[in-house]
>>> print(open('my_file29.txt').read())   # compact mmCIF, C-alpha atoms
# COMPACT_ATOMS: atom_id res chain seq x y z
CA MET A 2 29.04 4.48 250.38
CA LYS A 3 27.59 1.28 249.08
CA ILE A 4 24.06 1.65 247.79
CA SER A 5 23.28 -1.69 246.26
CA ARG A 6 22.64 -3.63 249.44
CA THR A 7 19.36 -5.29 250.20
CA GLN A 8 16.65 -3.94 252.41
CA ASP A 9 17.04 -7.17 254.38
CA GLN A 10 20.48 -6.25 255.65
CA SER A 11 19.26 -2.81 256.68
CA ASN A 12 16.34 -4.29 258.56
CA GLN A 13 18.66 -6.76 260.20
CA ILE A 14 20.82 -4.01 261.64
CA VAL A 15 17.73 -2.30 263.03
CA ALA A 16 16.55 -5.60 264.54
CA LEU A 17 19.96 -6.25 266.10
CA ILE A 18 20.02 -2.77 267.62
CA ILE A 19 16.55 -3.30 269.08
CA GLN A 20 17.77 -6.58 270.60
CA ASN A 21 20.76 -4.73 272.07
CA ASP A 22 23.11 -7.11 270.29
CA SER A 23 26.44 -6.21 271.81
CA ALA A 24 28.59 -6.84 268.73
CA THR A 25 26.32 -4.65 266.59
CA LEU A 26 26.14 -1.82 269.13
CA LYS A 27 29.91 -1.89 269.50
CA LYS A 28 30.44 -1.89 265.75
CA VAL A 29 28.14 1.11 265.24
CA TYR A 30 29.75 2.89 268.18
CA THR A 31 33.34 2.40 267.10
CA THR A 32 32.65 3.06 263.42
CA ASN A 33 31.30 6.55 263.96
CA PHE A 34 33.18 8.08 266.84
CA SER A 35 36.18 9.44 265.00
CA LYS A 36 34.07 11.30 262.45
CA VAL A 37 32.00 12.94 265.20
CA LYS A 38 35.13 13.72 267.18
CA THR A 39 36.75 15.37 264.18
CA TYR A 40 33.64 17.45 263.56
CA ILE A 41 33.37 18.63 267.16
CA LEU A 42 37.10 19.36 267.48
CA LYS A 43 36.92 21.45 264.32
CA ASN A 44 33.98 23.36 265.77
CA ASN A 45 35.43 24.60 269.04
CA GLY A 46 34.84 21.47 271.08
CA SER A 47 37.11 19.37 273.28
CA ILE A 48 37.66 15.61 273.26
CA ALA A 49 35.65 15.24 276.47
CA GLU A 50 32.75 17.16 274.91
CA ALA A 51 33.01 15.02 271.81
CA LYS A 52 32.61 11.89 273.91
CA ASP A 53 29.64 13.27 275.85
CA ILE A 54 27.81 14.55 272.80
CA TYR A 55 28.53 11.33 270.91
CA GLN A 56 27.17 9.15 273.69
CA GLU A 57 24.05 11.31 274.03
CA ALA A 58 23.58 11.09 270.27
CA PHE A 59 24.04 7.33 270.38
CA VAL A 60 21.38 6.97 273.08
CA ALA A 61 19.02 9.24 271.07
CA MET A 62 19.64 7.16 267.93
CA TRP A 63 18.96 3.96 269.88
CA LYS A 64 15.73 5.36 271.33
CA ASN A 65 14.53 6.47 267.91
CA VAL A 66 15.35 3.09 266.38
CA LYS A 67 13.40 1.39 269.16
CA ALA A 68 10.46 3.76 268.65
CA ASN A 69 10.43 2.99 264.90
CA LYS A 70 11.36 6.57 264.10
CA PHE A 71 14.22 5.47 261.88
CA THR A 72 13.80 3.70 258.56
CA ALA A 73 16.97 2.16 257.19
CA GLU A 74 17.39 2.71 253.49
CA SER A 75 20.77 1.02 253.37
CA PRO A 76 22.90 -0.93 255.85
CA THR A 77 25.09 2.11 256.36
CA ALA A 78 22.25 4.63 256.74
CA ILE A 79 22.48 4.28 260.51
CA ASN A 80 25.96 5.82 260.40
CA GLY A 81 24.79 8.97 258.62
CA TYR A 82 21.81 9.16 260.94
CA LEU A 83 23.98 8.93 264.06
CA PHE A 84 26.35 11.58 262.72
CA GLN A 85 23.46 13.92 261.92
CA ILE A 86 22.06 13.60 265.45
CA ALA A 87 25.48 14.23 266.97
CA LYS A 88 25.96 17.26 264.74
CA ASN A 89 22.58 18.70 265.70
CA LYS A 90 23.25 18.10 269.37
CA TRP A 91 26.57 19.93 269.05
CA LEU A 92 24.96 22.83 267.21
CA ASP A 93 22.31 23.01 269.92
CA HIS A 94 25.03 23.00 272.54
CA LEU A 95 26.85 25.86 270.84
CA ARG A 96 23.63 27.77 270.49
CA SER A 97 22.66 27.30 274.11
CA ALA A 98 26.10 28.13 275.51
CA ALA A 99 28.38 30.58 273.77
CA TYR A 100 26.19 31.64 270.91
CA LYS A 101 22.98 32.18 272.78
CA ASN A 102 20.76 34.82 271.15
CA LYS A 103 23.45 35.53 268.60
CA THR A 104 23.17 32.79 266.05
CA PHE A 105 20.16 31.05 264.75
CA ILE A 106 20.94 27.66 263.37
CA ASN A 107 18.37 26.30 261.04
CA ARG A 108 18.28 22.56 261.35
CA GLU A 109 17.17 20.53 258.39
CA ILE A 110 15.79 17.71 260.42
CA GLU A 111 14.34 17.90 263.89
CA PHE A 112 15.56 14.69 265.52
CA TYR A 113 14.25 15.22 268.99
CA GLU A 114 11.40 17.25 270.34
CA PRO A 115 11.93 20.65 271.88
CA GLU A 116 12.03 20.60 275.66
CA THR A 117 8.48 21.01 276.90
CA GLU A 118 7.51 20.88 280.56
CA GLU A 119 6.28 17.33 280.06
CA ILE A 120 9.58 16.22 278.55
CA ARG A 121 11.53 18.00 281.25
CA ILE A 122 9.64 16.05 283.93
CA LYS A 123 10.11 12.82 282.02
CA ASN A 124 13.85 13.40 281.67
CA LYS A 125 14.09 14.08 285.38
CA GLN A 126 12.29 10.84 286.07
CA ILE A 127 14.69 8.95 283.79
CA GLU A 128 17.67 10.50 285.56
CA LYS A 129 16.23 9.38 288.85
CA ILE A 130 15.78 5.82 287.63
CA LEU A 131 19.35 5.73 286.27
CA GLU A 132 20.62 7.00 289.61
CA ALA A 133 18.57 4.42 291.53
CA ILE A 134 19.92 1.50 289.46
CA SER A 135 23.48 2.54 290.15
CA HIS A 136 22.73 2.06 293.86
CA LEU A 137 21.35 -1.46 293.48
CA GLY A 138 23.46 -4.42 294.54
CA GLU A 139 25.67 -6.16 292.01
CA LYS A 140 23.46 -9.24 291.82
CA CYS A 141 20.30 -7.22 291.18
CA GLN A 142 22.08 -5.22 288.51
CA LEU A 143 23.19 -8.41 286.79
CA ILE A 144 19.71 -9.94 286.83
CA LEU A 145 18.04 -6.76 285.57
CA LYS A 146 20.70 -6.44 282.89
CA LEU A 147 20.24 -10.01 281.70
CA PHE A 148 16.44 -9.74 281.65
CA TYR A 149 15.74 -6.18 280.49
CA PHE A 150 18.83 -5.28 278.46
CA GLU A 151 20.03 -8.57 277.05
CA LYS A 152 16.44 -9.89 276.81
CA LYS A 153 17.37 -13.31 278.10
CA SER A 154 14.69 -15.80 279.09
CA PHE A 155 14.42 -17.00 282.69
CA LYS A 156 15.61 -20.40 281.54
CA ILE A 157 18.89 -18.94 280.27
CA ILE A 158 19.26 -16.59 283.26
CA ALA A 159 18.80 -19.54 285.61
CA GLU A 160 21.50 -21.46 283.78
CA ILE A 161 23.89 -18.53 283.74
CA LEU A 162 23.52 -17.93 287.46
CA SER A 163 23.33 -21.62 288.37
CA ILE A 164 19.98 -21.26 290.14
CA ASP A 165 16.57 -22.69 289.31
CA GLU A 166 14.08 -20.85 287.19
CA ALA A 167 11.72 -20.02 290.07
CA SER A 168 14.58 -18.42 292.02
CA ALA A 169 15.53 -16.39 288.97
CA LYS A 170 11.93 -15.15 288.68
CA ASN A 171 11.82 -14.33 292.39
CA ALA A 172 15.07 -12.47 292.19
CA LYS A 173 13.87 -10.43 289.21
CA TYR A 174 10.67 -9.59 291.12
CA ARG A 175 12.54 -8.50 294.24
CA CYS A 176 15.10 -6.46 292.33
CA LEU A 177 12.51 -4.63 290.25
CA GLU A 178 10.44 -3.98 293.40
CA GLN A 179 13.52 -2.52 295.09
CA LEU A 180 14.06 -0.29 292.12
CA ARG A 181 10.40 0.74 291.99
CA LYS A 182 10.43 1.70 295.66
CA LYS A 183 13.57 3.77 295.20
CA THR A 184 11.89 5.74 292.43
CA GLU A 185 8.32 6.15 293.68
CA SER A 186 8.73 8.67 296.53
CA THR A 187 8.30 11.66 294.26
CA PRO A 188 5.88 10.46 291.61
CA ASN A 189 6.19 13.28 289.10
CA GLY A 190 9.85 13.95 289.45
CA ASN A 191 8.95 17.14 291.33
CA ARG A 192 9.68 17.92 294.92
CA MET B 5 4.70 -5.93 305.67
CA GLU B 6 3.57 -7.76 302.61
CA THR B 7 1.70 -10.94 303.27
CA ASP B 8 2.80 -13.94 301.23
CA LYS B 9 -0.45 -13.90 299.34
CA ASN B 10 -0.14 -10.25 298.38
CA LYS B 11 3.45 -10.76 297.41
CA HIS B 12 2.55 -13.65 295.21
CA ARG B 13 -0.17 -11.58 293.57
CA ALA B 14 2.14 -8.63 293.04
CA GLN B 15 4.71 -10.91 291.47
CA LEU B 16 2.16 -12.37 289.07
CA ILE B 17 1.11 -8.90 287.99
CA GLN B 18 4.71 -7.77 287.54
CA ASP B 19 5.44 -10.85 285.42
CA GLN B 20 2.33 -10.34 283.34
CA ILE B 21 3.22 -6.69 282.68
CA ASP B 22 6.75 -7.77 281.68
CA GLN B 23 5.33 -10.28 279.25
CA TYR B 24 2.98 -7.67 277.86
CA LEU B 25 5.76 -5.11 277.39
CA ARG B 26 8.06 -7.69 275.80
CA GLY B 27 5.28 -8.73 273.42
CA GLU B 28 5.38 -12.21 274.93
CA LEU B 29 1.92 -12.37 276.45
CA PRO B 30 0.21 -15.52 275.12
CA ALA B 31 -2.49 -14.74 272.56
CA ASN B 32 -5.26 -16.12 274.77
CA GLN B 33 -4.37 -13.65 277.56
CA LEU B 34 -3.57 -10.65 275.40
CA ASP B 35 -7.14 -9.73 274.50
CA ALA B 36 -8.36 -9.92 278.06
CA PHE B 37 -5.35 -7.95 279.29
CA GLU B 38 -5.84 -5.17 276.77
CA LYS B 39 -9.56 -4.96 277.54
CA ARG B 40 -8.78 -4.66 281.24
CA LEU B 41 -6.28 -1.91 280.47
CA GLU B 42 -9.03 0.19 278.90
CA SER B 43 -11.13 0.28 282.06
CA ASP B 44 -8.72 -0.46 284.91
CA THR B 45 -6.87 2.76 285.62
CA ILE B 46 -4.82 1.20 288.42
CA LEU B 47 -3.49 -1.47 286.07
CA LYS B 48 -2.87 1.14 283.41
CA ALA B 49 -0.82 3.23 285.84
CA ALA B 50 1.12 0.13 286.92
CA VAL B 51 1.95 -0.69 283.29
CA GLU B 52 3.12 2.86 282.67
CA GLU B 53 5.23 2.89 285.79
CA GLN B 54 6.83 -0.46 285.04
CA LYS B 55 7.52 0.59 281.45
CA ALA B 56 9.25 3.78 282.62
CA ILE B 57 11.41 1.86 285.10
CA THR B 58 12.35 -0.97 282.77
CA ASP B 59 13.05 1.43 279.89
CA GLY B 60 15.27 3.31 282.32
CA ALA B 61 17.05 0.08 283.24
CA GLU B 62 17.62 -0.68 279.58
CA GLU B 63 19.04 2.78 279.02
CA TYR B 64 21.29 2.48 282.07
CA PHE B 65 22.84 -0.74 280.81
CA LEU B 66 23.19 0.69 277.32
CA ARG B 67 25.10 3.68 278.70
CA ASP B 68 27.20 1.29 280.71
CA SER B 69 28.09 -0.61 277.52
CA LEU B 70 28.94 2.61 275.69
CA ASP B 71 31.50 3.48 278.34
CA VAL B 72 33.04 0.06 277.97
CA PHE B 73 33.15 0.38 274.16
CA HIS B 74 34.73 3.76 274.54
CA ARG B 75 37.43 2.74 276.99
CA GLU B 76 38.29 -0.09 274.69
CA MET B 77 38.30 1.82 271.47
CA TYR B 78 40.03 4.93 272.55
CA THR B 79 42.23 3.87 275.36
CA GLU B 80 43.15 7.32 276.63
CA ASN B 81 43.96 10.45 274.92
CA SER B 82 46.22 10.76 277.92
CA THR B 83 48.55 8.28 276.22
CA LYS B 84 48.74 10.71 273.38
CA ASN B 85 49.37 13.63 275.69
CA ARG B 86 52.03 11.64 277.40
CA SER B 87 53.64 10.84 274.06
CA PHE B 88 53.65 14.53 273.36
CA TRP B 89 55.44 15.32 276.61
CA PHE B 90 57.88 12.51 276.05
CA ALA B 91 58.63 13.91 272.63
CA ALA B 92 59.00 17.44 274.00
CA ALA B 93 61.23 16.29 276.83
CA ALA B 94 63.29 14.21 274.44
CA ALA B 95 63.77 17.19 272.17
CA ILE B 96 65.01 19.29 275.05
CA LEU B 97 67.37 16.54 276.11
CA VAL B 98 68.82 16.40 272.62
CA ILE B 99 69.14 20.16 272.47
CA ILE B 100 71.03 20.45 275.71
CA GLY B 101 73.23 17.58 274.63
CA VAL B 102 72.58 15.05 277.32
CA THR B 103 74.58 12.01 276.37
CA SER B 104 72.04 9.31 276.77
CA TRP B 105 68.30 9.44 276.86
CA ALA B 106 68.26 5.84 277.89
CA LEU B 107 68.34 7.41 281.34
CA PHE B 108 65.07 9.13 280.66
CA PHE B 109 63.29 6.01 279.45
CA GLN B 110 64.85 3.61 281.89
CA ASN B 111 61.50 2.79 283.44
CA GLU B 112 59.89 2.10 280.09
CA THR B 113 59.97 -1.57 279.21
CA PRO B 114 57.91 -3.52 276.70
CA GLN B 115 56.08 -5.05 279.66
CA SER B 116 55.17 -1.66 281.10
CA VAL B 117 53.82 -0.57 277.72
CA PHE B 118 51.80 -3.77 277.64
CA ALA B 119 50.46 -3.30 281.16
CA GLU B 120 49.52 0.26 280.44
CA ASN B 121 47.72 -0.48 277.19
CA PHE B 122 46.10 -3.81 277.80
CA ARG B 123 42.39 -3.69 278.63
CA PRO B 124 40.49 -6.93 278.20
CA ASP B 125 37.70 -6.87 275.63
CA PRO B 126 34.46 -6.09 277.50
CA GLY B 127 32.86 -9.29 276.24
CA LEU B 128 29.66 -10.17 274.45
CA PRO B 129 26.17 -11.16 275.46
CA THR B 130 26.08 -14.06 272.99
CA THR B 131 26.66 -14.76 269.31
CA MET B 132 26.66 -18.53 269.06
CA GLY B 133 24.17 -21.23 268.15
CA PRO B 134 21.42 -21.97 270.66
CA SER B 135 22.53 -25.42 271.91
CA GLU B 136 25.91 -24.35 273.24
CA ASP B 137 24.83 -20.83 273.85
CA TYR B 138 24.55 -21.04 277.58
CA VAL B 139 27.91 -22.76 278.19
CA PHE B 140 29.54 -20.06 276.13
CA TYR B 141 27.58 -17.47 278.03
CA GLU B 142 28.47 -18.94 281.41
CA GLY B 143 32.07 -18.60 280.40
CA MET B 144 31.37 -15.02 279.35
CA VAL B 145 29.95 -14.23 282.79
CA ASP B 146 33.17 -15.61 284.35
CA TYR B 147 35.24 -13.67 281.83
CA LYS B 148 33.46 -10.42 282.62
CA ARG B 149 34.14 -11.02 286.29
CA LYS B 150 37.81 -11.51 285.43
CA LYS B 151 37.70 -15.17 286.41
CA TYR B 152 39.69 -16.13 283.37
CA ASP B 153 40.63 -19.65 284.45
CA GLU B 154 37.00 -20.57 284.90
CA ALA B 155 36.05 -18.98 281.60
CA LEU B 156 38.79 -20.91 279.80
CA GLU B 157 37.66 -24.14 281.42
CA LYS B 158 34.24 -23.66 279.85
CA TRP B 159 35.42 -22.37 276.49
CA GLN B 160 38.23 -24.84 275.73
CA PRO B 161 35.91 -27.85 275.21
CA LEU B 162 33.67 -25.71 272.98
CA LEU B 163 36.69 -24.64 270.99
CA GLN B 164 37.67 -28.28 270.47
CA LYS B 165 34.31 -28.76 268.79
CA ASN B 166 34.35 -25.45 266.89
CA LYS B 167 37.98 -24.99 265.98
CA GLU B 168 37.08 -22.43 263.34
CA SER B 169 34.96 -20.19 265.58
CA ASP B 170 36.44 -16.70 265.49
CA THR B 171 34.43 -15.71 268.57
CA LEU B 172 35.88 -18.53 270.67
CA ASN B 173 39.43 -18.17 269.39
CA TYR B 174 39.26 -14.46 270.04
CA PHE B 175 37.98 -14.62 273.61
CA VAL B 176 40.15 -17.57 274.57
CA GLY B 177 43.12 -15.58 273.25
CA VAL B 178 42.16 -12.42 275.13
CA ALA B 179 41.53 -14.44 278.31
CA TYR B 180 45.04 -15.94 278.12
CA LEU B 181 46.45 -12.50 277.51
CA ALA B 182 44.56 -11.16 280.52
CA LYS B 183 46.25 -13.86 282.58
CA GLY B 184 49.59 -12.58 281.28
CA ASN B 185 50.11 -15.73 279.22
CA SER B 186 50.98 -13.95 276.01
CA SER B 187 52.72 -16.69 274.05
CA GLN B 188 49.71 -18.97 274.43
CA ALA B 189 47.37 -16.08 273.61
CA SER B 190 49.16 -15.43 270.32
CA GLY B 191 48.22 -18.79 268.81
CA PHE B 192 44.50 -18.28 269.34
CA LEU B 193 44.57 -14.67 268.22
CA GLU B 194 46.42 -15.64 265.06
CA ASN B 195 43.53 -17.98 264.22
CA VAL B 196 41.35 -14.86 264.11
CA THR B 197 43.76 -12.53 262.36
CA ILE B 198 43.81 -14.84 259.32
CA LYS B 199 40.04 -14.50 259.02
CA LYS B 200 39.79 -11.24 257.15
CA ASN B 201 36.00 -11.07 257.35
CA SER B 202 35.73 -11.61 261.07
CA ILE B 203 34.30 -8.69 263.01
CA PHE B 204 37.01 -9.47 265.56
CA ASN B 205 39.79 -9.15 263.01
CA ASP B 206 41.01 -5.65 263.92
CA ASP B 207 40.67 -6.25 267.64
CA ALA B 208 42.45 -9.60 267.38
CA ARG B 209 45.36 -7.98 265.56
CA TYR B 210 45.56 -5.26 268.20
CA TYR B 211 45.66 -7.83 271.01
CA LEU B 212 48.15 -9.91 269.04
CA ALA B 213 50.40 -6.86 268.84
CA LEU B 214 50.06 -6.40 272.60
CA SER B 215 51.00 -10.02 273.25
CA LYS B 216 54.06 -9.62 271.02
CA ILE B 217 55.01 -6.53 273.02
CA ASN B 218 54.72 -8.48 276.25
CA ASP B 219 56.98 -11.13 274.74
CA GLY B 220 59.50 -8.42 273.84
CA LYS B 221 58.98 -8.92 270.10
CA ILE B 222 58.76 -5.23 269.31
CA SER B 223 59.39 -5.28 265.58
CA GLU B 224 56.71 -7.95 265.04
CA ALA B 225 54.30 -5.86 267.06
CA LYS B 226 55.09 -2.80 264.97
CA THR B 227 54.44 -4.63 261.72
CA ILE B 228 51.05 -5.76 263.00
CA LEU B 229 50.12 -2.30 264.27
CA GLU B 230 51.11 -0.61 261.02
CA HIS B 231 48.29 -2.47 259.34
CA ILE B 232 45.52 -1.47 261.74
CA ASN B 233 43.80 1.83 261.30
CA THR B 234 42.39 2.65 264.72
CA SER B 235 43.29 5.48 267.06
CA GLU B 236 44.46 3.06 269.75
CA SER B 237 46.79 1.23 267.38
CA VAL B 238 48.25 4.50 266.15
CA SER B 239 48.91 5.69 269.68
CA LEU B 240 50.37 2.32 270.67
CA LEU B 241 52.68 2.37 267.64
CA GLN B 242 53.83 5.80 268.74
CA ARG B 243 54.65 4.45 272.19
CA LEU B 244 56.76 1.72 270.62
CA LYS B 245 58.68 4.28 268.63
CA ASP B 246 59.29 6.23 271.85
CA LEU B 247 60.54 3.06 273.45
CA GLU B 248 63.49 2.75 271.10
>>> encode(input="my_file29.txt", output="structure tokens")
Amino acid sequence: MKISRTQDQSNQIVALIIQNDSATLKKVYTTNFSKVKTYILKNNGSIAEAKDIYQEAFVAMWKNVKANKFTAESPTAINGYLFQIAKNKWLDHLRSAAYKNKTFINREIEFYEPETEEIRIKNKQIEKILEAISHLGEKCQLILKLFYFEKKSFKIIAEILSIDEASAKNAKYRCLEQLRKKTESTPNGNR
Amino acid sequence: METDKNKHRAQLIQDQIDQYLRGELPANQLDAFEKRLESDTILKAAVEEQKAITDGAEEYFLRDSLDVFHREMYTENSTKNRSFWFAAAAAILVIIGVTSWALFFQNETPQSVFAENFRPDPGLPTTMGPSEDYVFYEGMVDYKRKKYDEALEKWQPLLQKNKESDTLNYFVGVAYLAKGNSSQASGFLENVTIKKNSIFNDDARYYLALSKINDGKISEAKTILEHINTSESVSLLQRLKDLE
């Protein structure tokens, strides 16, 4: 591990992750998978489980970075952080499945909150939104992706799609409205 | 039915909430907006709802990207399993003294190994300077939709101007490879493989190996693969050894 890098580089990685910079996300993803996979395979897991846990850990890392819950001390700190989250998620999985009530695993760092009723409802709501997006048309998905994930301006979106800016804005409005309507029928995520 | 006026109003509010959530609300509107948020519970609920939905959208597209990264990085442990069964079957064939295992591998050609292992790079949002950003990006949208000819049409002129760009050389190379034009792809990919610091270096070498395979240049491909340390290159190298 290199320790003598500047704080600047560390902050830059955090900033690039927050911007959803594809090259950075890919680099972080590909750098850390094999270590997590090895850990999970050594601890009674399968390759499919390794992938699932790793992706959940990656999303958790990304959410924490966005919520300013992660402070980078070095440019590579994100790698250790991601591994730690994946490890904790795997330990939780073992504890909840096979080792329930048998083993108590004392975690050094609590990376995500315990599942309260409030969080359970929120997670259900997120699942519902994810499901609804997958049912949107291709064009709506592309526009929402460009605007909300890639953070493009309407000017750029208009150029990419060869339409004028007003049409791009209208399309974004319609697509988000469609999505909102698909998710509003059960406001609290309850039946 | 929404009247036009209501629709217009709803759109303005949605846009304003977007700007607020993106931190792009102009300073002269921000104060007023935040004051209104304190007292206007309907607006507050609308902001919360929109935040939940757009955060969800962001997460959805992130997860989508992760799957693409994964497919790319770790092309199938099934290739590995298959290699295992090939090896096992080969061992049995040797043991029972079958004269030629060429029979067994008769359907395996360099081209079939290429076809089975080639997945185009998922593409980038953007990494280039602002002025040519959108032309590059337009090409990227074509590329992602597998319209490689159209992507190349947009990228080639850019590449003329930025001959050194590893990003352009890389994607032009992969686009040619995706069209099955491996000898042309090799030239562009080689421009990237000589740049040791490029983030595309490993990927470019992997695709270069694949284009060599498609051209039937197996020993060149092997040499390239021996110098890459990724799971996909290891499994591809194994396939080439099986091919012999």
>>> closest_residue(input="my_file29.txt", among="B:Gly191, B:Pro30, B:Pro124, B:Gly143", to="chain A", atoms="all atoms listed in the file")
B:Gly143
>>> interface_residues(input="my_file29.txt", of="chain B", to="chain A", cutoff="7 Å", atoms="all atoms listed in the file", output="list of chain:residue names")
B:Gln15, B:Ile57, B:Thr58, B:Gly60, B:Ala61, B:Glu62, B:Tyr64, B:Phe65, B:Phe73, B:Met77, B:Leu128, B:Pro129, B:Tyr138, B:Tyr141, B:Glu142
>>> write_last_selection(input="my_file29.txt", atoms="C-alpha atoms", output="short mmCIF file (atom, residue, chain, number, x, y, z; two decimals), keeping the file's coordinate frame")
data_model
loop_
_atom_site.label_atom_id
_atom_site.label_comp_id
_atom_site.auth_asym_id
_atom_site.auth_seq_id
_atom_site.Cartn_x
_atom_site.Cartn_y
_atom_site.Cartn_z
CA GLN B 15 4.71 -10.91 291.47
CA ILE B 57 11.41 1.86 285.10
CA THR B 58 12.35 -0.97 282.77
CA GLY B 60 15.27 3.31 282.32
CA ALA B 61 17.05 0.08 283.24
CA GLU B 62 17.62 -0.68 279.58
CA TYR B 64 21.29 2.48 282.07
CA PHE B 65 22.84 -0.74 280.81
CA PHE B 73 33.15 0.38 274.16
CA MET B 77 38.30 1.82 271.47
CA LEU B 128 29.66 -10.17 274.45
CA PRO B 129 26.17 -11.16 275.46
CA TYR B 138 24.55 -21.04 277.58
CA TYR B 141 27.58 -17.47 278.03
CA GLU B 142 28.47 -18.94 281.41
#
>>> atom_distance(input="my_file29.txt", atom1="atom CA of B:Ala49", atom2="atom CA of B:Leu66")
25.6 Å
>>> residues_around(input="my_file29.txt", residues="B:Glu230", least_positions_apart="6", cutoff="9 Å", atoms="all atoms listed in the file", output="MDAnalysis selection string")
chainID B and resid 237:238 241
>>> closest_residue(input="my_file29.txt", among="B:Ala14, B:Val117, B:Leu162, B:Leu70", to="A:Val29", atoms="all atoms listed in the file")
B:Leu70
